[in-house]
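So this block is input_24.json, JSON, C-alpha atoms:
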```json
[["chain", "number", "residue", "atom", "x", "y", "z"],
["A", 1, "MET", "CA", 0.00, 0.00, 0.00],
["A", 2, "ALA", "CA", 1.63, 3.17, -1.20],
["A", 3, "ASP", "CA", 0.50, 5.51, 1.56],
["A", 4, "GLN", "CA", 3.64, 7.67, 1.69],
["A", 5, "ILE", "CA", 2.36, 9.96, -1.06],
["A", 6, "LEU", "CA", -0.20, 11.53, 1.29],
["A", 7, "THR", "CA", 1.13, 14.38, 3.41],
["A", 8, "GLN", "CA", -0.29, 15.43, 6.76],
["A", 9, "GLU", "CA", -1.59, 18.58, 5.06],
["A", 10, "GLU", "CA", -3.39, 16.48, 2.44],
["A", 11, "LEU", "CA", -4.80, 14.15, 5.12],
["A", 12, "HIS", "CA", -6.21, 17.16, 7.03],
["A", 13, "ARG", "CA", -7.77, 18.42, 3.79],
["A", 14, "LEU", "CA", -9.40, 15.03, 3.14],
["A", 15, "PHE", "CA", -10.47, 13.90, 6.62],
["A", 16, "ASP", "CA", -11.77, 14.88, 10.02],
["A", 17, "TYR", "CA", -10.81, 12.67, 12.94],
["A", 18, "LYS", "CA", -13.00, 11.81, 15.92],
["A", 19, "ASP", "CA", -12.77, 8.94, 18.44],
["A", 20, "GLY", "CA", -10.69, 6.61, 16.27],
["A", 21, "HIS", "CA", -12.56, 7.24, 13.04],
["A", 22, "LEU", "CA", -11.89, 9.35, 9.98],
["A", 23, "TYR", "CA", -14.72, 11.15, 8.19],
["A", 24, "TRP", "CA", -14.63, 12.47, 4.64],
["A", 25, "LYS", "CA", -14.38, 16.24, 4.25],
["A", 26, "ILE", "CA", -14.68, 15.86, 0.47],
["A", 27, "LYS", "CA", -16.80, 13.70, -1.83],
["A", 28, "PRO", "CA", -14.27, 11.16, -3.17],
["A", 29, "SER", "CA", -16.75, 9.04, -5.17],
["A", 30, "LYS", "CA", -20.35, 8.80, -6.34],
["A", 31, "CYS", "CA", -21.32, 6.48, -3.48],
["A", 32, "THR", "CA", -19.59, 8.47, -0.70],
["A", 33, "SER", "CA", -20.80, 11.71, 0.85],
["A", 34, "ILE", "CA", -19.11, 14.40, 2.89],
["A", 35, "GLY", "CA", -19.29, 13.33, 6.55],
["A", 36, "ASP", "CA", -19.32, 9.58, 5.81],
["A", 37, "LYS", "CA", -17.08, 7.39, 7.93],
["A", 38, "VAL", "CA", -13.95, 6.31, 6.05],
["A", 39, "GLY", "CA", -13.36, 2.64, 5.38],
["A", 40, "CYS", "CA", -14.74, -0.86, 5.78],
["A", 41, "LEU", "CA", -13.37, -4.14, 7.07],
["A", 42, "ASP", "CA", -10.96, -5.92, 4.74],
["A", 43, "THR", "CA", -11.77, -9.35, 3.32],
["A", 44, "HIS", "CA", -10.24, -11.08, 6.36],
["A", 45, "ASN", "CA", -12.14, -8.87, 8.85],
["A", 46, "LEU", "CA", -8.86, -7.83, 10.46],
["A", 47, "TYR", "CA", -8.28, -4.20, 9.53],
["A", 48, "ILE", "CA", -10.30, -1.25, 8.31],
["A", 49, "LYS", "CA", -9.26, -0.23, 4.81],
["A", 50, "SER", "CA", -10.17, 2.50, 2.36],
["A", 51, "SER", "CA", -9.17, 3.75, -1.05],
["A", 52, "TYR", "CA", -8.50, 7.15, -2.50],
["A", 53, "LYS", "CA", -7.48, 7.91, -6.09],
["A", 54, "ASP", "CA", -7.23, 4.18, -6.90],
["A", 55, "LYS", "CA", -4.82, 3.49, -4.02],
["A", 56, "ASN", "CA", -5.62, 1.30, -1.03],
["A", 57, "TYR", "CA", -4.90, 2.38, 2.53],
["A", 58, "LEU", "CA", -5.19, 0.87, 5.97],
["A", 59, "VAL", "CA", -7.14, 3.39, 8.04],
["A", 60, "HIS", "CA", -4.94, 3.02, 11.13],
["A", 61, "ARG", "CA", -2.00, 4.21, 9.01],
["A", 62, "LEU", "CA", -4.00, 7.22, 7.84],
["A", 63, "VAL", "CA", -5.02, 8.04, 11.44],
["A", 64, "PHE", "CA", -1.40, 7.83, 12.62],
["A", 65, "ALA", "CA", -0.12, 10.06, 9.80],
["A", 66, "TRP", "CA", -3.06, 12.47, 10.27],
["A", 67, "HIS", "CA", -1.79, 13.04, 13.83],
["A", 68, "TYR", "CA", 1.99, 12.69, 13.53],
["A", 69, "GLY", "CA", 2.74, 13.63, 9.92],
["A", 70, "TYR", "CA", 4.56, 10.46, 8.88],
["A", 71, "PHE", "CA", 3.95, 6.81, 8.05],
["A", 72, "PRO", "CA", 6.13, 4.51, 10.18],
["A", 73, "LYS", "CA", 7.19, 1.14, 8.84],
["A", 74, "MET", "CA", 4.71, -0.57, 11.14],
["A", 75, "ILE", "CA", 1.97, 0.52, 13.53],
["A", 76, "ASP", "CA", 1.05, -1.43, 16.64],
["A", 77, "HIS", "CA", -2.47, -1.55, 18.09],
["A", 78, "MET", "CA", -1.57, -1.50, 21.78],
["A", 79, "ASN", "CA", -4.72, -3.26, 22.99],
["A", 80, "GLY", "CA", -4.47, -5.93, 20.28],
["A", 81, "ILE", "CA", -7.76, -4.92, 18.63],
["A", 82, "ARG", "CA", -6.85, -4.26, 14.99],
["A", 83, "PHE", "CA", -9.87, -2.10, 14.20],
["A", 84, "ASP", "CA", -9.54, 0.13, 17.28],
["A", 85, "ASN", "CA", -7.93, 3.09, 15.55],
["A", 86, "ARG", "CA", -8.05, 5.62, 18.39],
["A", 87, "ILE", "CA", -4.77, 7.51, 18.25],
["A", 88, "GLU", "CA", -4.05, 6.66, 21.89],
["A", 89, "ASN", "CA", -4.14, 2.97, 20.87],
["A", 90, "LEU", "CA", -1.63, 3.37, 18.01],
["A", 91, "ARG", "CA", 2.15, 3.55, 18.21],
["A", 92, "ALA", "CA", 5.04, 3.22, 15.80],
["A", 93, "ALA", "CA", 6.71, -0.19, 15.95],
["A", 94, "ASP", "CA", 9.16, -2.42, 14.18],
["A", 95, "ASP", "CA", 8.69, -6.09, 13.25],
["A", 96, "LYS", "CA", 10.23, -7.41, 16.45],
["A", 97, "SER", "CA", 8.39, -5.18, 18.94],
["A", 98, "ASN", "CA", 5.09, -5.64, 17.13],
["A", 99, "GLN", "CA", 5.38, -9.41, 17.57],
["A", 100, "TRP", "CA", 5.98, -9.11, 21.31],
["A", 101, "ASN", "CA", 2.36, -8.30, 22.03],
["A", 102, "GLN", "CA", 0.73, -10.88, 19.79],
["A", 103, "LYS", "CA", -2.01, -13.02, 21.24],
["A", 104, "LEU", "CA", -1.46, -16.61, 22.34],
["A", 105, "HIS", "CA", -0.65, -19.02, 19.56],
["A", 106, "SER", "CA", -3.34, -21.61, 18.91],
["A", 107, "ARG", "CA", -0.89, -24.42, 19.80],
["A", 108, "ASN", "CA", -0.06, -22.94, 23.20],
["A", 109, "THR", "CA", -0.71, -25.58, 25.90],
["A", 110, "SER", "CA", -0.01, -23.49, 29.01],
["A", 111, "ASN", "CA", -2.56, -20.71, 28.35],
["A", 112, "TYR", "CA", 0.24, -18.22, 29.16],
["A", 113, "LYS", "CA", 2.61, -16.40, 26.87],
["A", 114, "ASN", "CA", 6.24, -17.54, 27.00],
["A", 115, "VAL", "CA", 5.40, -20.53, 29.23],
["A", 116, "ILE", "CA", 6.17, -23.99, 27.85],
["A", 117, "PHE", "CA", 6.19, -27.52, 29.21],
["A", 118, "ARG", "CA", 9.59, -29.23, 29.17],
["A", 119, "LYS", "CA", 8.93, -32.97, 28.81],
["A", 120, "ASP", "CA", 12.54, -33.83, 29.61],
["A", 121, "LYS", "CA", 12.28, -31.99, 32.96],
["A", 122, "GLN", "CA", 8.58, -32.64, 33.55],
["A", 123, "ARG", "CA", 8.33, -28.96, 34.51],
["A", 124, "TRP", "CA", 7.02, -25.67, 33.16],
["A", 125, "ALA", "CA", 9.56, -23.04, 32.06],
["A", 126, "CYS", "CA", 9.77, -19.52, 30.66],
["A", 127, "ARG", "CA", 11.14, -19.26, 27.14],
["A", 128, "PHE", "CA", 12.03, -16.05, 25.31],
["A", 129, "LYS", "CA", 13.84, -15.14, 22.14],
["A", 130, "VAL", "CA", 16.26, -12.29, 22.78],
["A", 131, "ASN", "CA", 18.52, -10.94, 20.04],
["A", 132, "GLY", "CA", 17.87, -14.04, 17.95],
["A", 133, "LYS", "CA", 18.72, -16.52, 20.74],
["A", 134, "HIS", "CA", 16.30, -18.58, 22.82],
["A", 135, "ILE", "CA", 16.71, -18.27, 26.57],
["A", 136, "MET", "CA", 15.04, -20.51, 29.12],
["A", 137, "ARG", "CA", 14.58, -19.58, 32.75],
["A", 138, "GLY", "CA", 13.16, -21.39, 35.74],
["A", 139, "TYR", "CA", 11.43, -24.73, 36.14],
["A", 140, "PHE", "CA", 8.10, -24.85, 37.92],
["A", 141, "LYS", "CA", 5.50, -27.40, 38.92],
["A", 142, "THR", "CA", 2.60, -25.32, 37.54],
["A", 143, "PRO", "CA", 2.18, -23.01, 34.53],
["A", 144, "GLU", "CA", 0.85, -20.33, 36.89],
["A", 145, "GLU", "CA", 4.17, -20.24, 38.75],
["A", 146, "ALA", "CA", 6.08, -20.04, 35.47],
["A", 147, "ASN", "CA", 3.80, -17.24, 34.31],
["A", 148, "GLU", "CA", 4.74, -15.09, 37.32],
["A", 149, "LEU", "CA", 8.35, -15.14, 36.11],
["A", 150, "ALA", "CA", 7.27, -14.71, 32.47],
["A", 151, "ILE", "CA", 5.43, -11.48, 33.35],
["A", 152, "LYS", "CA", 8.59, -10.06, 34.95],
["A", 153, "MET", "CA", 10.70, -11.18, 32.00],
["A", 154, "ARG", "CA", 8.32, -9.56, 29.48],
["A", 155, "GLN", "CA", 8.65, -6.28, 31.35],
["A", 156, "GLU", "CA", 12.45, -6.63, 31.29],
["A", 157, "PHE", "CA", 12.81, -7.64, 27.64],
["A", 158, "HIS", "CA", 9.79, -6.03, 25.95],
["A", 159, "GLY", "CA", 9.29, -2.82, 27.95],
["A", 160, "GLN", "CA", 6.31, -0.82, 26.69],
["A", 161, "PHE", "CA", 5.42, -3.62, 24.24],
["A", 162, "ALA", "CA", 5.01, -6.21, 27.02],
["A", 163, "LYS", "CA", 1.54, -7.77, 26.92],
["A", 164, "ASP", "CA", 0.12, -10.68, 28.84],
["A", 165, "PHE", "CA", -2.84, -11.44, 26.55]]
```
Any chance you could put this one into structure tokens?
Amino acid sequence: MADQILTQEELHRLFDYKDGHLYWKIKPSKCTSIGDKVGCLDTHNLYIKSSYKDKNYLVHRLVFAWHYGYFPKMIDHMNGIRFDNRIENLRAADDKSNQWNQKLHSRNTSNYKNVIFRKDKQRWACRFKVNGKHIMRGYFKTPEEANELAIKMRQEFHGQFAKDF
């Protein structure tokens, strides 16, 4: 999506922003009116998208640039809800930090992030990838005990991107 061509000035000319939504200030097409909410869910129902002058845009990227004047490489939805485009829920991110607050993987057996069962030890442990290397800390009888350490480790390694969901 080639969103870098839109400047903050152009975005302010095209849209109003209120409570996480953009509204058209112009009439971009026959089926859209001034004041209409911008965008619709994409085909996977993950993000809100829109188009302007035959180019496709993700609305959270437009909201971010509307406020800050640039398009970062990646934008993180802090609460994990991909269609919650309130500016206070959006922050610039990179690939690594954006992955830190992903939801639990479907194959997770502990129900906690970064907590795995070590069959060889018959114990639960905390596992993290730091600078491309896996580190393992602690061995516990229950996943809940391991999760207590995992929460502390996420704060240490992931900082503001640490999420427990």
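Distances from A:Val130, A:Cys31, A:Ala125, A:Leu90 to Glu148 (chain A) were compared using only C-alpha atoms, and the smallest one belongs to A:Ala125.
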Fewer than 5 positions away in the same chain doesn't count, so skip those; otherwise give me all residues within 12 Å of Gly35 (chain A), counting only C-alpha atoms, as a PyMOL selection string.
-> chain A and resi 14-18+21-28
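Residues in contact range of Asn89 (chain A), defined as at most 10 Å between only C-alpha atoms, with sequence neighbours fewer than 4 positions away removed, read A:Gly20, A:His60, A:Phe64, A:Ile75, A:Asp76, A:His77, A:Met78, A:Asn79, A:Gly80, A:Ile81, A:Arg82, A:Asp84, A:Asn85.
CA of Ser51 (chain A) sits 10.1 Å away from CA of Ser29 (chain A).
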Neighbour list for Gln122 (chain A) as JSON, numbers by chain, cut-off 12 Å, only C-alpha atoms, skip fewer than 4 positions in-chain = {"A": [116, 117, 118, 139, 140, 141, 142, 143]}
Atomic separation - CA of Phe157 (chain A) relative to CA of Asn108 (chain A), Å | 20.5 Å
Length of the CA of Gln8 (chain A) to CA of Ala65 (chain A) vector [Å] | 6.2 Å
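Minimum distance to Thr7 (chain A) across A:Cys126, A:Val63, A:Ala92, A:Val38 (counting only C-alpha atoms) occurs at A:Val63.
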If we count only C-alpha atoms, what is near region 42-47 of chain A at a cut-off of 8 Å, once residues fewer than 4 positions away on the same chain are taken out, given as number ranges by chain?
-> A: 58-59, 82-83
Nearest residue to Lys129 (chain A) from the set A:Met153, A:Leu62, A:Tyr68, A:Asn147 (distances using all atoms listed in the file) = A:Met153
With the input short on atoms, add all heavy atoms back to region 132-143 of chain A and write it as a PDB file, in the frame of the given file.
```pdb
ATOM      1  N   GLY A 132      17.751 -12.881  18.817  1.00  0.00           N
ATOM      2  CA  GLY A 132      17.870 -14.040  17.950  1.00  0.00           C
ATOM      3  C   GLY A 132      18.207 -15.339  18.669  1.00  0.00           C
ATOM      4  O   GLY A 132      18.337 -16.375  18.033  1.00  0.00           O
ATOM      5  N   LYS A 133      18.368 -15.304  19.998  1.00  0.00           N
ATOM      6  CA  LYS A 133      18.720 -16.520  20.740  1.00  0.00           C
ATOM      7  C   LYS A 133      17.598 -16.840  21.732  1.00  0.00           C
ATOM      8  O   LYS A 133      17.037 -15.960  22.375  1.00  0.00           O
ATOM      9  CB  LYS A 133      20.018 -16.317  21.512  1.00  0.00           C
ATOM     10  CG  LYS A 133      21.221 -16.138  20.616  1.00  0.00           C
ATOM     11  CD  LYS A 133      22.478 -16.002  21.427  1.00  0.00           C
ATOM     12  CE  LYS A 133      23.670 -15.815  20.493  1.00  0.00           C
ATOM     13  NZ  LYS A 133      24.920 -15.704  21.221  1.00  0.00           N
ATOM     14  N   HIS A 134      17.295 -18.143  21.852  1.00  0.00           N
ATOM     15  CA  HIS A 134      16.300 -18.580  22.820  1.00  0.00           C
ATOM     16  C   HIS A 134      16.948 -18.669  24.196  1.00  0.00           C
ATOM     17  O   HIS A 134      18.052 -19.193  24.340  1.00  0.00           O
ATOM     18  CB  HIS A 134      15.726 -19.947  22.439  1.00  0.00           C
ATOM     19  CG  HIS A 134      14.768 -19.866  21.295  1.00  0.00           C
ATOM     20  ND1 HIS A 134      13.488 -19.388  21.439  1.00  0.00           N
ATOM     21  CD2 HIS A 134      14.913 -20.165  19.992  1.00  0.00           C
ATOM     22  CE1 HIS A 134      12.877 -19.424  20.274  1.00  0.00           C
ATOM     23  NE2 HIS A 134      13.721 -19.882  19.365  1.00  0.00           N
ATOM     24  N   ILE A 135      16.258 -18.119  25.192  1.00  0.00           N
ATOM     25  CA  ILE A 135      16.710 -18.270  26.570  1.00  0.00           C
ATOM     26  C   ILE A 135      15.595 -18.936  27.356  1.00  0.00           C
ATOM     27  O   ILE A 135      14.416 -18.711  27.099  1.00  0.00           O
ATOM     28  CB  ILE A 135      17.130 -16.934  27.212  1.00  0.00           C
ATOM     29  CG1 ILE A 135      15.953 -15.952  27.260  1.00  0.00           C
ATOM     30  CG2 ILE A 135      18.313 -16.318  26.510  1.00  0.00           C
ATOM     31  CD1 ILE A 135      16.227 -14.750  28.129  1.00  0.00           C
ATOM     32  N   MET A 136      15.987 -19.770  28.288  1.00  0.00           N
ATOM     33  CA  MET A 136      15.040 -20.510  29.120  1.00  0.00           C
ATOM     34  C   MET A 136      15.385 -20.174  30.568  1.00  0.00           C
ATOM     35  O   MET A 136      16.560 -20.190  30.947  1.00  0.00           O
ATOM     36  CB  MET A 136      15.223 -22.008  28.869  1.00  0.00           C
ATOM     37  CG  MET A 136      14.159 -22.870  29.411  1.00  0.00           C
ATOM     38  SD  MET A 136      12.761 -23.055  28.299  1.00  0.00           S
ATOM     39  CE  MET A 136      13.507 -23.840  26.902  1.00  0.00           C
ATOM     40  N   ARG A 137      14.350 -19.882  31.336  1.00  0.00           N
ATOM     41  CA  ARG A 137      14.580 -19.580  32.750  1.00  0.00           C
ATOM     42  C   ARG A 137      13.546 -20.288  33.609  1.00  0.00           C
ATOM     43  O   ARG A 137      12.365 -20.288  33.295  1.00  0.00           O
ATOM     44  CB  ARG A 137      14.502 -18.075  33.013  1.00  0.00           C
ATOM     45  CG  ARG A 137      15.651 -17.318  32.422  1.00  0.00           C
ATOM     46  CD  ARG A 137      15.892 -16.032  33.143  1.00  0.00           C
ATOM     47  NE  ARG A 137      16.972 -15.313  32.511  1.00  0.00           N
ATOM     48  CZ  ARG A 137      17.045 -14.007  32.434  1.00  0.00           C
ATOM     49  NH1 ARG A 137      16.082 -13.270  32.951  1.00  0.00           N
ATOM     50  NH2 ARG A 137      18.056 -13.432  31.860  1.00  0.00           N
ATOM     51  N   GLY A 138      14.021 -20.823  34.717  1.00  0.00           N
ATOM     52  CA  GLY A 138      13.160 -21.390  35.740  1.00  0.00           C
ATOM     53  C   GLY A 138      12.473 -22.676  35.338  1.00  0.00           C
ATOM     54  O   GLY A 138      12.174 -22.893  34.167  1.00  0.00           O
ATOM     55  N   TYR A 139      12.228 -23.519  36.317  1.00  0.00           N
ATOM     56  CA  TYR A 139      11.430 -24.730  36.140  1.00  0.00           C
ATOM     57  C   TYR A 139      10.439 -24.789  37.286  1.00  0.00           C
ATOM     58  O   TYR A 139      10.813 -24.645  38.456  1.00  0.00           O
ATOM     59  CB  TYR A 139      12.329 -25.978  36.127  1.00  0.00           C
ATOM     60  CG  TYR A 139      13.239 -25.993  34.924  1.00  0.00           C
ATOM     61  CD1 TYR A 139      14.583 -25.666  35.043  1.00  0.00           C
ATOM     62  CD2 TYR A 139      12.734 -26.303  33.669  1.00  0.00           C
ATOM     63  CE1 TYR A 139      15.402 -25.662  33.930  1.00  0.00           C
ATOM     64  CE2 TYR A 139      13.549 -26.302  32.548  1.00  0.00           C
ATOM     65  CZ  TYR A 139      14.881 -25.975  32.691  1.00  0.00           C
ATOM     66  OH  TYR A 139      15.692 -25.968  31.584  1.00  0.00           O
ATOM     67  N   PHE A 140       9.178 -24.958  36.943  1.00  0.00           N
ATOM     68  CA  PHE A 140       8.100 -24.850  37.920  1.00  0.00           C
ATOM     69  C   PHE A 140       7.147 -26.021  37.799  1.00  0.00           C
ATOM     70  O   PHE A 140       6.991 -26.605  36.738  1.00  0.00           O
ATOM     71  CB  PHE A 140       7.333 -23.537  37.705  1.00  0.00           C
ATOM     72  CG  PHE A 140       8.205 -22.319  37.759  1.00  0.00           C
ATOM     73  CD1 PHE A 140       8.798 -21.813  36.611  1.00  0.00           C
ATOM     74  CD2 PHE A 140       8.441 -21.680  38.967  1.00  0.00           C
ATOM     75  CE1 PHE A 140       9.614 -20.693  36.655  1.00  0.00           C
ATOM     76  CE2 PHE A 140       9.255 -20.554  39.024  1.00  0.00           C
ATOM     77  CZ  PHE A 140       9.838 -20.061  37.867  1.00  0.00           C
ATOM     78  N   LYS A 141       6.471 -26.308  38.907  1.00  0.00           N
ATOM     79  CA  LYS A 141       5.500 -27.400  38.920  1.00  0.00           C
ATOM     80  C   LYS A 141       4.224 -27.026  38.170  1.00  0.00           C
ATOM     81  O   LYS A 141       3.561 -27.886  37.603  1.00  0.00           O
ATOM     82  CB  LYS A 141       5.150 -27.792  40.358  1.00  0.00           C
ATOM     83  CG  LYS A 141       6.273 -28.476  41.087  1.00  0.00           C
ATOM     84  CD  LYS A 141       5.856 -28.870  42.495  1.00  0.00           C
ATOM     85  CE  LYS A 141       7.021 -29.545  43.205  1.00  0.00           C
ATOM     86  NZ  LYS A 141       6.662 -29.938  44.574  1.00  0.00           N
ATOM     87  N   THR A 142       3.851 -25.742  38.176  1.00  0.00           N
ATOM     88  CA  THR A 142       2.600 -25.320  37.540  1.00  0.00           C
ATOM     89  C   THR A 142       2.877 -24.221  36.511  1.00  0.00           C
ATOM     90  O   THR A 142       3.832 -23.449  36.658  1.00  0.00           O
ATOM     91  CB  THR A 142       1.584 -24.780  38.569  1.00  0.00           C
ATOM     92  OG1 THR A 142       2.069 -23.553  39.098  1.00  0.00           O
ATOM     93  CG2 THR A 142       1.334 -25.790  39.684  1.00  0.00           C
ATOM     94  N   PRO A 143       2.018 -24.107  35.500  1.00  0.00           N
ATOM     95  CA  PRO A 143       2.180 -23.010  34.530  1.00  0.00           C
ATOM     96  C   PRO A 143       1.939 -21.657  35.179  1.00  0.00           C
ATOM     97  O   PRO A 143       2.528 -20.654  34.759  1.00  0.00           O
ATOM     98  CB  PRO A 143       1.150 -23.324  33.450  1.00  0.00           C
ATOM     99  CG  PRO A 143       0.187 -24.266  34.062  1.00  0.00           C
ATOM    100  CD  PRO A 143       0.925 -25.006  35.141  1.00  0.00           C
TER     101      PRO A 143
END
```
